[in-house]
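For reference, start-v7.txt is printed below; it contains compact mmCIF, C-alpha atoms.
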# COMPACT_ATOMS: atom_id res chain seq x y z
CA MET A 262 77.06 -58.51 100.52
CA SER A 263 77.43 -62.33 100.55
CA SER A 264 76.09 -64.40 97.66
CA PHE A 265 75.72 -68.05 96.77
CA SER A 266 75.09 -70.15 93.67
CA ASN A 267 73.14 -73.40 93.51
CA PRO A 268 71.12 -75.69 91.21
CA ALA A 269 67.45 -75.08 91.99
CA ILE A 270 63.92 -76.08 91.04
CA ILE A 271 61.08 -73.59 91.31
CA LEU A 272 58.34 -74.89 93.61
CA ARG A 273 56.10 -71.83 93.72
CA ARG A 274 55.94 -68.24 92.48
CA ILE A 275 53.90 -65.36 93.86
CA GLU A 276 53.46 -61.95 92.27
CA PHE A 277 54.61 -59.22 94.62
CA GLY A 278 53.70 -55.65 93.80
CA ASP A 279 53.68 -54.49 90.20
CA PHE A 280 56.99 -55.89 89.03
CA ASP A 281 58.51 -58.33 91.56
CA LEU A 282 58.16 -62.07 92.14
CA ILE A 283 58.66 -64.08 95.32
CA LEU A 284 59.94 -67.53 94.45
CA SER A 285 60.15 -70.67 96.52
CA PHE A 286 63.05 -72.91 95.44
CA LEU A 287 64.20 -76.41 96.24
CA THR A 288 67.98 -76.31 95.91
CA ARG A 289 70.55 -79.08 95.82
CA ASP A 290 72.69 -77.87 98.73
CA LYS A 291 70.57 -75.42 100.74
CA GLY A 292 67.19 -77.15 100.81
CA LYS A 293 64.13 -74.98 100.42
CA PHE A 294 64.31 -71.22 100.56
CA SER A 295 62.48 -68.18 99.22
CA ALA A 296 63.95 -65.26 97.33
CA ILE A 297 62.67 -62.11 95.69
CA ALA A 298 63.26 -61.44 92.01
CA LYS A 299 63.12 -57.68 91.67
CA SER A 300 61.56 -56.28 88.50
CA ALA A 301 61.26 -59.85 87.19
CA LYS A 302 57.93 -59.22 85.47
CA LYS A 303 59.34 -56.44 83.32
CA SER A 304 62.87 -57.78 82.82
CA THR A 305 63.67 -58.73 79.21
CA LYS A 306 67.30 -59.67 79.81
CA ARG A 307 67.91 -61.36 83.17
CA PHE A 308 64.75 -63.40 83.77
CA SER A 309 62.70 -63.36 80.58
CA GLY A 310 60.55 -66.48 80.41
CA ILE A 311 62.63 -68.67 82.75
CA LEU A 312 61.08 -68.13 86.19
CA GLU A 313 58.29 -70.64 85.63
CA PRO A 314 57.19 -73.39 88.02
CA PHE A 315 59.18 -76.65 87.74
CA SER A 316 62.03 -75.04 85.77
CA ILE A 317 65.46 -76.41 86.68
CA LEU A 318 67.87 -73.50 87.02
CA ARG A 319 71.27 -72.42 88.20
CA ILE A 320 70.66 -69.43 90.45
CA VAL A 321 72.79 -66.79 92.12
CA CYS A 322 71.33 -65.03 95.15
CA SER A 323 72.61 -62.36 97.48
CA ALA A 324 71.64 -62.02 101.12
CA GLY A 325 68.85 -59.57 101.81
CA ARG A 326 69.32 -56.55 104.03
CA GLY A 327 68.50 -57.18 107.65
CA ARG A 328 65.79 -59.81 107.80
CA GLY A 329 64.74 -59.33 104.20
CA LEU A 330 64.50 -62.13 101.67
CA PRO A 331 67.56 -63.09 99.63
CA VAL A 332 67.59 -61.35 96.27
CA LEU A 333 67.77 -63.35 93.05
CA GLN A 334 70.59 -61.79 91.06
CA GLU A 335 71.04 -64.26 88.20
CA ALA A 336 69.27 -67.33 86.85
CA ALA A 337 70.39 -69.59 84.03
CA LEU A 338 67.99 -72.17 82.63
CA SER A 339 69.40 -75.71 82.83
CA LYS A 340 66.28 -77.62 81.75
CA PRO A 341 63.05 -75.85 80.74
CA LEU A 342 60.86 -79.01 80.72
CA PRO A 343 58.45 -77.48 78.19
CA SER A 344 56.06 -80.43 77.77
CA ILE A 345 55.02 -80.25 81.44
CA ARG A 346 53.57 -76.76 81.11
CA THR A 347 51.77 -77.53 77.83
CA ASP A 348 50.02 -80.66 79.12
CA ILE A 349 47.40 -80.09 81.81
CA THR A 350 47.74 -83.60 83.25
CA LYS A 351 51.52 -83.33 83.57
CA THR A 352 51.12 -79.86 85.09
CA ALA A 353 48.69 -81.24 87.66
CA TYR A 354 51.08 -84.02 88.74
CA ALA A 355 54.10 -81.69 88.90
CA SER A 356 52.08 -79.15 90.91
CA TYR A 357 51.11 -81.83 93.43
CA TRP A 358 54.72 -82.97 93.90
CA ALA A 359 55.95 -79.40 94.29
CA GLU A 360 53.22 -78.55 96.82
CA LEU A 361 53.97 -81.65 98.89
CA ILE A 362 57.59 -80.56 99.21
CA ASP A 363 56.65 -76.95 99.91
CA LEU A 364 54.21 -78.00 102.65
CA TRP A 365 56.52 -80.48 104.37
CA LEU A 366 60.03 -79.10 104.05
CA GLU A 367 61.20 -76.32 106.38
CA GLU A 368 63.30 -73.43 105.08
CA GLY A 369 67.04 -74.12 105.06
CA GLN A 370 66.74 -77.86 105.72
CA ASN A 371 69.15 -79.59 103.36
CA GLN A 372 67.51 -82.49 101.50
CA ILE A 373 69.72 -83.49 98.58
CA ASP A 374 67.87 -86.81 98.13
CA LEU A 375 64.60 -84.93 97.77
CA PHE A 376 66.15 -82.60 95.21
CA ARG A 377 67.41 -85.56 93.18
CA LEU A 378 64.01 -87.25 93.41
CA LEU A 379 62.09 -84.21 92.20
CA GLN A 380 64.57 -83.54 89.41
CA HIS A 381 64.35 -87.16 88.27
CA VAL A 382 60.55 -87.40 88.15
CA LEU A 383 60.21 -83.99 86.46
CA GLU A 384 62.69 -84.97 83.76
CA GLN A 385 60.96 -88.33 83.23
CA LEU A 386 57.57 -86.59 83.14
CA ASP A 387 58.79 -84.13 80.53
CA GLN A 388 60.35 -86.85 78.37
CA GLY A 389 57.37 -89.19 78.64
CA SER A 390 59.65 -92.04 79.75
CA ALA A 391 56.96 -93.30 82.12
CA THR A 392 53.28 -92.49 82.57
CA PRO A 393 52.42 -89.61 84.92
CA ALA A 394 50.46 -92.01 87.11
CA VAL A 395 53.40 -94.39 87.63
CA LEU A 396 55.76 -91.48 88.26
CA GLY A 397 53.24 -90.16 90.79
CA VAL A 398 53.25 -93.46 92.65
CA MET A 399 57.05 -93.59 92.62
CA PHE A 400 57.42 -89.99 93.81
CA GLN A 401 55.01 -90.42 96.70
CA MET A 402 56.62 -93.66 97.89
CA ARG A 403 60.10 -92.10 97.87
CA PHE A 404 58.80 -88.87 99.42
CA LEU A 405 57.32 -90.85 102.31
CA ILE A 406 60.65 -92.57 102.93
CA ILE A 407 62.59 -89.28 102.88
CA SER A 408 60.06 -87.53 105.13
CA GLY A 409 60.11 -90.36 107.68
CA HIS A 410 56.52 -91.50 107.01
CA ARG A 411 57.24 -94.81 105.28
CA PRO A 412 54.13 -97.02 105.38
CA ASN A 413 54.54 -100.48 106.90
CA LEU A 414 53.89 -102.81 103.99
CA LYS A 415 55.58 -105.84 105.51
CA GLN A 416 53.54 -106.79 108.57
CA CYS A 417 50.28 -106.24 110.43
CA GLY A 418 50.27 -102.95 112.30
CA VAL A 419 48.39 -104.59 115.20
CA CYS A 420 49.80 -108.08 115.80
CA ARG A 421 53.02 -107.83 113.71
CA ARG A 422 52.11 -110.83 111.61
CA GLU A 423 54.24 -110.88 108.45
CA MET A 424 52.51 -110.17 105.14
CA GLU A 425 53.70 -113.47 103.69
CA ALA A 426 51.79 -115.29 106.45
CA MET A 427 48.53 -113.46 105.73
CA THR A 428 45.80 -115.26 103.81
CA GLY A 429 43.97 -114.13 100.69
CA ASN A 430 44.94 -112.09 97.65
CA VAL A 431 43.54 -108.85 99.08
CA ILE A 432 45.09 -107.31 102.19
CA GLN A 433 43.84 -104.24 104.02
CA PHE A 434 45.83 -101.20 105.08
CA ASP A 435 44.86 -99.02 108.05
CA LEU A 436 45.71 -95.32 107.77
CA THR A 437 45.62 -94.76 111.52
CA LYS A 438 48.00 -97.65 112.22
CA GLY A 439 50.25 -96.80 109.30
CA GLY A 440 50.45 -100.44 108.27
CA LEU A 441 48.79 -103.52 106.89
CA VAL A 442 46.07 -105.23 108.91
CA CYS A 443 45.64 -109.02 108.81
CA ASP A 444 42.29 -110.78 108.75
CA ARG A 445 42.60 -111.64 112.47
CA CYS A 446 42.75 -107.99 113.61
CA THR A 447 39.97 -105.39 113.60
CA THR A 448 40.55 -101.70 112.91
CA THR A 449 38.88 -98.81 111.07
CA GLY A 450 39.94 -96.60 108.14
CA ARG A 451 40.92 -99.47 105.88
CA ILE A 452 42.02 -99.42 102.24
CA LYS A 453 42.13 -102.63 100.20
CA LEU A 454 45.32 -103.55 98.33
CA ALA A 455 45.98 -106.61 96.19
CA ARG A 456 48.99 -108.66 97.27
CA GLY A 457 50.64 -107.96 93.90
CA THR A 458 50.18 -104.21 94.34
CA ILE A 459 51.86 -104.34 97.75
CA LYS A 460 54.83 -106.23 96.33
CA GLN A 461 55.26 -103.65 93.57
CA LEU A 462 55.16 -100.82 96.12
CA GLN A 463 57.77 -102.65 98.20
CA TRP A 464 59.95 -102.93 95.09
CA LEU A 465 59.63 -99.19 94.47
CA GLU A 466 60.87 -98.51 98.01
CA LYS A 467 64.25 -100.15 97.53
CA GLU A 468 65.20 -99.94 93.86
CA HIS A 469 67.40 -97.20 92.41
CA LEU A 470 65.43 -94.39 90.79
CA SER A 471 66.67 -95.29 87.31
CA LYS A 472 65.26 -98.81 87.71
CA ALA A 473 62.15 -97.93 89.67
CA GLY A 474 60.68 -96.00 86.75
CA ARG A 475 60.74 -99.14 84.57
CA ILE A 476 58.35 -101.16 86.71
CA ARG A 477 55.25 -102.29 84.82
CA PHE A 478 52.10 -101.57 86.79
CA SER A 479 48.79 -103.11 85.79
CA ALA A 480 45.81 -100.75 85.56
CA GLN A 481 44.49 -102.24 88.82
CA ALA A 482 47.83 -101.73 90.61
CA VAL A 483 48.03 -98.11 89.46
CA ALA A 484 44.46 -97.38 90.60
CA GLU A 485 44.98 -99.06 93.98
CA SER A 486 48.35 -97.39 94.55
CA GLN A 487 46.98 -93.96 93.71
CA LYS A 488 44.00 -94.35 96.02
CA PHE A 489 46.22 -95.62 98.82
CA LEU A 490 49.00 -93.01 98.55
CA GLU A 491 46.70 -90.05 97.90
CA ALA A 492 44.93 -90.93 101.16
CA PHE A 493 48.02 -91.85 103.17
CA VAL A 494 50.16 -88.82 102.27
CA PRO A 495 47.63 -86.09 103.21
CA TYR A 496 46.65 -88.03 106.35
CA HIS A 497 50.20 -87.92 107.65
CA LEU A 498 50.83 -84.37 106.46
CA GLY A 499 47.68 -83.30 108.28
CA LYS A 500 46.42 -81.40 105.24
CA GLU A 501 45.15 -82.17 101.75
CA PRO A 502 47.09 -80.13 99.18
CA ARG A 503 44.92 -77.97 96.92
CA SER A 504 46.78 -79.32 93.90
CA LEU A 505 45.66 -82.86 94.76
CA LYS A 506 42.02 -81.82 94.48
CA PHE A 507 42.75 -80.38 91.05
CA LEU A 508 44.65 -83.53 90.00
CA LYS A 509 41.71 -85.74 90.98
CA GLN A 510 39.28 -83.54 89.04
CA ILE A 511 41.12 -83.74 85.71
CA ARG A 512 42.27 -87.34 85.95

Mind turning the file's structure into structure tokens?
Amino acid sequence: MSSFSNPAIILRRIEFGDFDLILSFLTRDKGKFSAIAKSAKKSTKRFSGILEPFSILRIVCSAGRGRGLPVLQEAALSKPLPSIRTDITKTAYASYWAELIDLWLEEGQNQIDLFRLLQHVLEQLDQGSATPAVLGVMFQMRFLIISGHRPNLKQCGVCRREMEAMTGNVIQFDLTKGGLVCDRCTTTGRIKLARGTIKQLQWLEKEHLSKAGRIRFSAQAVAESQKFLEAFVPYHLGKEPRSLKFLKQIR
């Protein structure tokens, strides 16, 4: 029976029967895949207390029989990230990020950049190195780039007029066009963004992750960025994640 080992982050866990768990992982080298952890709920040696959402693990799986799920044979905890699961706000943000990945990414599609992104924001969230709101903005911007849904924050989505040539300190963004809309063009589904907010979002797009987390957002920029991204992301996914509704309720 073939087996493989990989760093992994738990995206989702489902109880299966009386003793088993079905786990959805994002791995460094194999993308997203699901595996069954047999007798995980009663195990006191192999899996005790480590198969929790957002845990960063080193896992060993063996191929399932026939078309069955791979079987989780071993799991070693690399980073438990305990403060995420003891803080309801942090849990809500981490749940939203994990659900976005689970909804968008197909099984077996390798996405090492996405793995590194999720690992980075989870570690920063656990350490408190940046506020959950700023990390949420950064994650969503980078997720959109990786998923091929980068918003056009440089020019009008109708006439292609550059942002720098637009007038006023407030510029509108059209969800249906996927880009900014200048004052000379008329569309529907608009969201207002301050020019400074747009520039900060542009900066987040291109900077290295280690630098992107240091950006100082004003309260207005955070609020505008959250409203914009939490409308844009579900619109282009075609579905609003359940975890986003929960995040909005507790925030």

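Taking atom CA of Leu379 of chain A as the reference point, atom CA of Glu466 of chain A is found at 15.5 Å.
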
Nearest residue to Arg445 of chain A from the set A:Ala336, A:Ala355, A:Ile349, A:Met427 (distances using all atoms listed in the file): A:Met427

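Remark: for Asp435 of chain A, the closest of the candidate residues A:Leu462, A:Ser471, A:Ala455, A:Phe489 is A:Phe489 (distances computed over only C-alpha atoms).
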
Atom pair atom CA of Arg273 of chain A + atom CA of Ser285 of chain A, distance 5.1 Å

If we count all atoms listed in the file and set the cut-off at 9 Å, which residues sit around segment 289-302 of chain A, ignoring sequence neighbours fewer than 6 positions away in its own chain? Please answer as a PyMOL selection string. chain A and resi 267-270+272+276-277+279-283+308-309+312+322+325+330-334+362-363+366-377

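Using all atoms listed in the file, the protein and nucleic acid residues lying at most 7 Å from the point (50.7, -86.9, 87.0) are A:Thr350, A:Lys351, A:Ala353, A:Tyr354, A:Ala355, A:Pro393, A:Ala394, A:Leu396, A:Gly397.
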
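Each of A:Arg512, A:Lys472, A:Arg451, A:Arg328 was compared to Ser390 of chain A using only C-alpha atoms, and A:Lys472 turns out to be the nearest.
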
Atom CA of Arg456 of chain A to atom CA of Cys417 of chain A: how many Å, to one decimal?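 These two atoms are separated by 13.4 Å.
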
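Taking only C-alpha atoms into account, Leu383 of chain A lies nearest to A:Phe315 out of the set A:Phe434, A:Phe265, A:Phe315, A:Phe478.
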
Show me, as a CSV table (one decimal) with C-alpha atoms, in the coordinates of the input, the residues that have an atom within 10 Å of segment 500-503 of chain A when counting all atoms listed in the file, minus same-chain residues fewer than 2 positions from it.
chain,number,residue,atom,x,y,z
A,356,SER,CA,52.1,-79.2,90.9
A,357,TYR,CA,51.1,-81.8,93.4
A,358,TRP,CA,54.7,-83.0,93.9
A,360,GLU,CA,53.2,-78.6,96.8
A,361,LEU,CA,54.0,-81.6,98.9
A,364,LEU,CA,54.2,-78.0,102.6
A,491,GLU,CA,46.7,-90.0,97.9
A,492,ALA,CA,44.9,-90.9,101.2
A,494,VAL,CA,50.2,-88.8,102.3
A,495,PRO,CA,47.6,-86.1,103.2
A,496,TYR,CA,46.6,-88.0,106.4
A,497,HIS,CA,50.2,-87.9,107.6
A,498,LEU,CA,50.8,-84.4,106.5
A,505,LEU,CA,45.7,-82.9,94.8
A,506,LYS,CA,42.0,-81.8,94.5
A,507,PHE,CA,42.8,-80.4,91.0
A,508,LEU,CA,44.6,-83.5,90.0

Proximity to Ile317 of chain A - best of A:Thr352, A:Thr428, A:Gln388, A:Gln380, all atoms listed in the file: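 Smallest distance to Ile317 of chain A is found for A:Gln380.
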
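Nearest residue to Ser486 of chain A, choosing from A:Lys453, A:Lys509, A:His410, A:Lys415 and counting only C-alpha atoms: A:Lys453.
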
Could you list, as a PyMOL selection string, every residue within 9 Å of Cys420 of chain A, counting all atoms listed in the file and ignoring same-chain residues fewer than 2 positions away? chain A and resi 416-418+422+442-443+445-446
